[in-house]
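> This structure is in structure tokens; I'll ask about it shortly.
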Amino acid sequence: MKRIILEEKRRTMIAHTLRGSSSKMRLTIGCLTVLLIILFVEIWVANRTSTYGDKIYQLKQSQARLELENQVLANSIAASSAMVLLERKANLLGFNTINQLDYIKLSDKLASAN
Amino acid sequence: MRLKLVKLIYYSFIFLILIRLFYWQIIRFDDMSAMAEKQHLSTSSLSAPRGIIYSEDGGIYATNKPVYTLFSNPTLIKDKKTAVGELANILALAKIEPTDTDYKKQLINIREALNNKLNQNLSWVALERNIELETKKSIESLKIPGIGFDENSARLYPESSSAANILGFVGLDKIGNPKGYFGIEGYYDRQLTGVKGEITEEKDAEGLPILMGTFSLQDSKKGYDLTLNIDRGVQYIVEKKLKLGLEKYGAKSGSVVVMDPFTGAILAMATFPNYDPNDYTNYPKDSFKNLVVADSYEPGSTFKTLIMAAGINENVVKPETICDETCEGPVAIGEYKIRTHDNKYRKKETMQDVITQSDNTGMVFVGRKLGEDKVFDYIQRFGIGKLTQVDLEDEITPDLRLRKDWKEIDYATATFGQGIAVTPIQMVKAVASIANGGYLMEPHVVKNINTKNKISEIKPKIVGNPISKETAYTVKEMMVKAVDEGEAGGYAPKNYKIAGKTGTAQIPIAGHYDATKYVASFVGFAPADNPKFIMLVRYVEPTSSIYGTSTAAPTFFEIAKELFSYYQITPDR
């Protein structure tokens with residue numbers, strides 16, 4: 001009877017060990033698969049983007065060109081808004097300095113209608 | 001045997017290859033990897049634009065513009081003579097108009113310089129610096145081989161000479177880096193200067209970036225933007241009137257400062273002669289000086305307002321106090337005699353009359369009532385002899401002599417603003433305390449500093465309280481009467497209550513006063529009951545008249561009239 005029990009225990013232990021080693025193997029295979037996928041994705045991305053350098057360079061060039069254009073336009077607006085030029089333009093349009101200002105005070109008798 | 005020999009040669013060959021590989025990959029690893037990195041890793045500097053300076057009304061006072069350095073590899077230019085001719089024509093046109101008499105001379109000079117540079121046996125030579133974009137485009141259209149451009153940035157001042165002495169300019173320091181000099185550019189140089197960045201990236205054989213390669217970025221930081229309290233409209237009015245006044249009165253130089261008496265905000269500040277910061281190298285160094293903060297003068301009668309305020313604050317005089325025998329004739333102190341400006345003496349003169357008639361002897365009376373200690377104490381309390389801490393690089397202060405060095409005559413003359421030196425900004429700061437109810441405000445040109453994430457406001461700062469509110473009110477009323485009843489009042493707009501005081505002072509030269517050289521000034525604020533601005537106008541050596549009454553005062557009132565209209569201030573009378 002005792003031998004039977006011991007034999008049963010041994011079998012159970014072996015089954016456990018086998019089950020454990022098979023799950024470890026599955027895990028290892030899974031990890032390797034993931035790593036391989038990542039590796040392939042990286043190779044694929046590197047391959048795909050290897051010709052994008054030119055595009056990036058062109059985008060950078062466009063950005064620099066637009067920034068330069070913006071700066072030049074902003075400077076040109078600032079220069080044409082200078083007070084001296086504005087006064088010159090205003091004079092050409094017939095605007096002059098007001099020499100005499102008349103204010104209507106509250107105490108002034110104003111025309112009213114009922 | 002032959003087979004063995006072939007094997008031996010074969011293995012020896014493999015062994016030699018292995019030794020060579022060991023040499024390159026192990027022994028010379030560092031050198032090789034460095035060389036490889038140098039070939040495919042590219043590091044470049046990222047420029048950081050200098051901060052922009054805005055006016056209070058949103059206009060631009062200082063910004064940046066792209067400029068280029070024209071360079072060449074002379075060995076690549078085949079026809080140098082043609083290249084020199086074509087380049088010289090474009091470069092000369094960029095510098096000078098063809099109608100100008102100096103055009104041909106300039107053209108020849110440029111040709112010579114280009115010729116010398118292109119005939120050097122170098123692979124890189126700078127032909128011209130700070131070329132504008134338009135000129136660059138013209139040169140590019142020539143399609144000359146061996147010519148290239150490096151992009152840089154330079155400062156642009158769209159308002160040209162307007163506010164030049166407030167702004168300063170950007171030049172180069174000892175090691176060739178841009179640096180702000182004078183005014184705002186100098187004072188806020190650290191804030192305006194950006195921090196350069198750096199980008200390192202891997203590049204392929206064609207010099208194009210490899211996306212999956214090494215990449216590191218240290219971004220550049222733009223300099224902080226500044227917004228000034230200076231309003232372009234007010235500044236323009238002030239400069240225009242000052243320039244007209246300078247011509248009209250034949251003065252050697254002139255300056256005006258307009259300040260908000262309650263906050264210390266500088267609304268306008270003008271100096272003539274001035275300069276164009278876009279082209280500062282073509283102006284004399286003297287023109288860089290901001291006469292409002294970097295020039296001292298004896299304030300003359302404008303100083304009487306401060307000593308009178310001291311007397312009233314100490315309760316030793318009142319506006320109706322009658323002057324004793326001091327005012328009945330010239331006051332003798334030692335070997336000196338103090339006289340009135342017209343050498344006329346009035347009996348039973350009140351303190352109001354002393355201010356209105358600008359009587360020197362009356363001020364000696366106030367000084368004696370105050371006592372020497374109090375006179376000295378109040379001069380210090382009003383901030384005379386100390387920097388105002390205005391945020392402009394070139395501020396100076398004339399030293400106030402030590403108390404022990406003052407003699408009786410010094411106290412007497414100081415009461416009417418002679419024998420004591422101030423800067424216009426010190427004078428405005430002191431008189432502003434009469435306008436605002438007794439507080440000494442720190443003057444400020446910058447309104448706020450705009451960093452990347454927040455706007456830091458420069459808040460008004462009270463730095464003293466030399467007189468009480470009641471004293472300020474009393475002296476203000478005395479100054480209003482001085483305008484209404486004094487000679488300068490003839491120029492004042494009648495429907496506004498303006499407080500002011502004229503000043504005429506001799507210029508001390510080598511220890512004595514030059515009888516032919518004067519400084520004429522006028523300090524005042526308006527509307528007197530709720531001042532929007534305090535202003536000081538100063539002419540140095542006016543020739544049409546030496547008096548502030550007929551030179552500085554008319555300019556003050558002309559500017560004031562325009563400011564009433566500009567600020568939409570309705571008449572208060």
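In the structure tokens, chains take the letters A, B, ... in the order shown, each chain's residues start at 1, and ligands count up from 1 in the order shown.
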Counting only C-alpha atoms, which residues of chain A come no farther than 9 Å from chain B, as a list in words?
Val45, Ala46, Thr49, Ser50, Thr51, Tyr52, Gly53, Asp54, Ile56, Tyr57, Leu68, Gln71, Val72, Asn75, Ser76, Ala78, Ala79, Ser80, Ser81, Ala82, Met83, Val84, Thr97, Ile98, Asn99, Leu101, Tyr103 and Lys105 of chain A
> Report as a PyMOL selection string: the residues of region 402-516 of chain B with a DSSP assignment of strand (DSSP E or B), based on the backbone of this structure.
chain B and resi 422+440-441+444+446-450+455-457+462-464+499-509+512-516
> Take the residues from that selection and write them out as a tab-separated table (two decimals), in the first residue's frame, keeping C-alpha atoms.

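Dumped everything to again.tsv:
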chain	number	residue	atom	x	y	z
B	422	VAL	CA	21.20	116.90	-11.02
B	440	LEU	CA	9.05	109.34	-4.73
B	441	MET	CA	8.48	106.82	-7.54
B	444	HIS	CA	10.75	102.70	-15.37
B	446	VAL	CA	10.02	98.81	-19.42
B	447	LYS	CA	6.40	97.89	-18.77
B	448	ASN	CA	6.71	94.13	-18.89
B	449	ILE	CA	9.06	91.29	-19.76
B	450	ASN	CA	7.54	88.56	-21.85
B	455	ILE	CA	4.48	88.06	-18.65
B	456	SER	CA	6.29	89.74	-15.75
B	457	GLU	CA	4.90	93.19	-15.08
B	462	ILE	CA	7.61	103.79	-4.08
B	463	VAL	CA	11.15	104.59	-2.92
B	464	GLY	CA	10.47	107.48	-0.60
B	499	ALA	CA	1.47	123.40	-12.55
B	500	GLY	CA	4.98	124.35	-13.53
B	501	LYS	CA	8.19	126.21	-12.88
B	502	THR	CA	10.80	127.68	-15.15
B	503	GLY	CA	14.53	127.45	-14.60
B	504	THR	CA	17.53	129.30	-15.99
B	505	ALA	CA	20.96	128.40	-14.72
B	506	GLN	CA	24.48	129.31	-15.67
B	507	ILE	CA	26.81	126.52	-16.73
B	508	PRO	CA	29.82	125.99	-14.50
B	509	ILE	CA	33.06	125.62	-16.49
B	512	HIS	CA	33.47	129.39	-12.47
B	513	TYR	CA	30.23	130.28	-14.24
B	514	ASP	CA	30.37	131.23	-17.91
B	515	ALA	CA	28.22	134.33	-18.27
B	516	THR	CA	27.34	133.43	-21.85
> So which residues touch Val317 (chain B) within 9 Å, counting only C-alpha atoms, skipping near sequence neighbours fewer than 2 positions away, as a ChimeraX atom specification?
/B:308,311-315,319-322,351,366,369-370
> Could you take the residues named above and write them with N, CA and C atoms, as a PDB file, in the first residue's frame?

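Result went into selection-v6.pdb, see below:
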ATOM      1  N   MET B 308      11.064 124.881  -1.487  1.00  0.00           N
ATOM      2  CA  MET B 308       9.834 125.464  -0.941  1.00  0.00           C
ATOM      3  C   MET B 308       8.976 124.356  -0.323  1.00  0.00           C
ATOM      4  N   GLY B 311      10.336 123.589   3.017  1.00  0.00           N
ATOM      5  CA  GLY B 311       9.971 124.636   3.985  1.00  0.00           C
ATOM      6  C   GLY B 311       8.534 124.473   4.463  1.00  0.00           C
ATOM      7  N   ILE B 312       7.633 124.207   3.534  1.00  0.00           N
ATOM      8  CA  ILE B 312       6.213 124.041   3.898  1.00  0.00           C
ATOM      9  C   ILE B 312       6.021 122.750   4.691  1.00  0.00           C
ATOM     10  N   ASN B 313       6.725 121.695   4.294  1.00  0.00           N
ATOM     11  CA  ASN B 313       6.613 120.414   4.988  1.00  0.00           C
ATOM     12  C   ASN B 313       7.097 120.526   6.431  1.00  0.00           C
ATOM     13  N   GLU B 314       8.100 121.369   6.639  1.00  0.00           N
ATOM     14  CA  GLU B 314       8.657 121.556   7.984  1.00  0.00           C
ATOM     15  C   GLU B 314       7.916 122.643   8.757  1.00  0.00           C
ATOM     16  N   ASN B 315       6.879 123.198   8.094  1.00  0.00           N
ATOM     17  CA  ASN B 315       6.044 124.227   8.730  1.00  0.00           C
ATOM     18  C   ASN B 315       6.785 125.515   9.063  1.00  0.00           C
ATOM     19  N   PRO B 319       2.435 129.583   2.020  1.00  0.00           N
ATOM     20  CA  PRO B 319       2.401 130.399   0.793  1.00  0.00           C
ATOM     21  C   PRO B 319       2.236 131.888   1.078  1.00  0.00           C
ATOM     22  N   GLU B 320       1.533 132.181   2.182  1.00  0.00           N
ATOM     23  CA  GLU B 320       1.272 133.600   2.485  1.00  0.00           C
ATOM     24  C   GLU B 320       2.321 134.213   3.429  1.00  0.00           C
ATOM     25  N   THR B 321       3.305 133.431   3.842  1.00  0.00           N
ATOM     26  CA  THR B 321       4.377 133.962   4.705  1.00  0.00           C
ATOM     27  C   THR B 321       5.097 135.106   3.978  1.00  0.00           C
ATOM     28  N   ILE B 322       5.313 136.193   4.717  1.00  0.00           N
ATOM     29  CA  ILE B 322       5.972 137.349   4.089  1.00  0.00           C
ATOM     30  C   ILE B 322       7.477 137.306   4.385  1.00  0.00           C
ATOM     31  N   MET B 351       5.584 134.021  -0.026  1.00  0.00           N
ATOM     32  CA  MET B 351       6.286 132.847  -0.582  1.00  0.00           C
ATOM     33  C   MET B 351       5.717 132.496  -1.964  1.00  0.00           C
ATOM     34  N   VAL B 366      13.880 131.163   2.763  1.00  0.00           N
ATOM     35  CA  VAL B 366      13.329 129.832   3.094  1.00  0.00           C
ATOM     36  C   VAL B 366      14.445 128.929   3.629  1.00  0.00           C
ATOM     37  N   LYS B 369      15.284 129.753   7.122  1.00  0.00           N
ATOM     38  CA  LYS B 369      14.227 129.289   8.037  1.00  0.00           C
ATOM     39  C   LYS B 369      14.363 127.779   8.289  1.00  0.00           C
ATOM     40  N   LEU B 370      14.717 127.072   7.224  1.00  0.00           N
ATOM     41  CA  LEU B 370      14.861 125.612   7.343  1.00  0.00           C
ATOM     42  C   LEU B 370      16.086 125.222   8.161  1.00  0.00           C
TER      43      LEU B 370
END
> CA of Thr356 (chain B) and CA of Tyr539 (chain B), how far apart in Å?
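According to the coordinates, CA of Tyr539 (chain B) and CA of Thr356 (chain B) are separated by 21.1 Å.
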> Please list as JSON, numbers by chain every residue within 10 Å of Glu408 (chain B), counting only C-alpha atoms and excluding residues in the same chain fewer than 4 positions away.
{"B": [333, 334, 368, 372, 412, 413]}
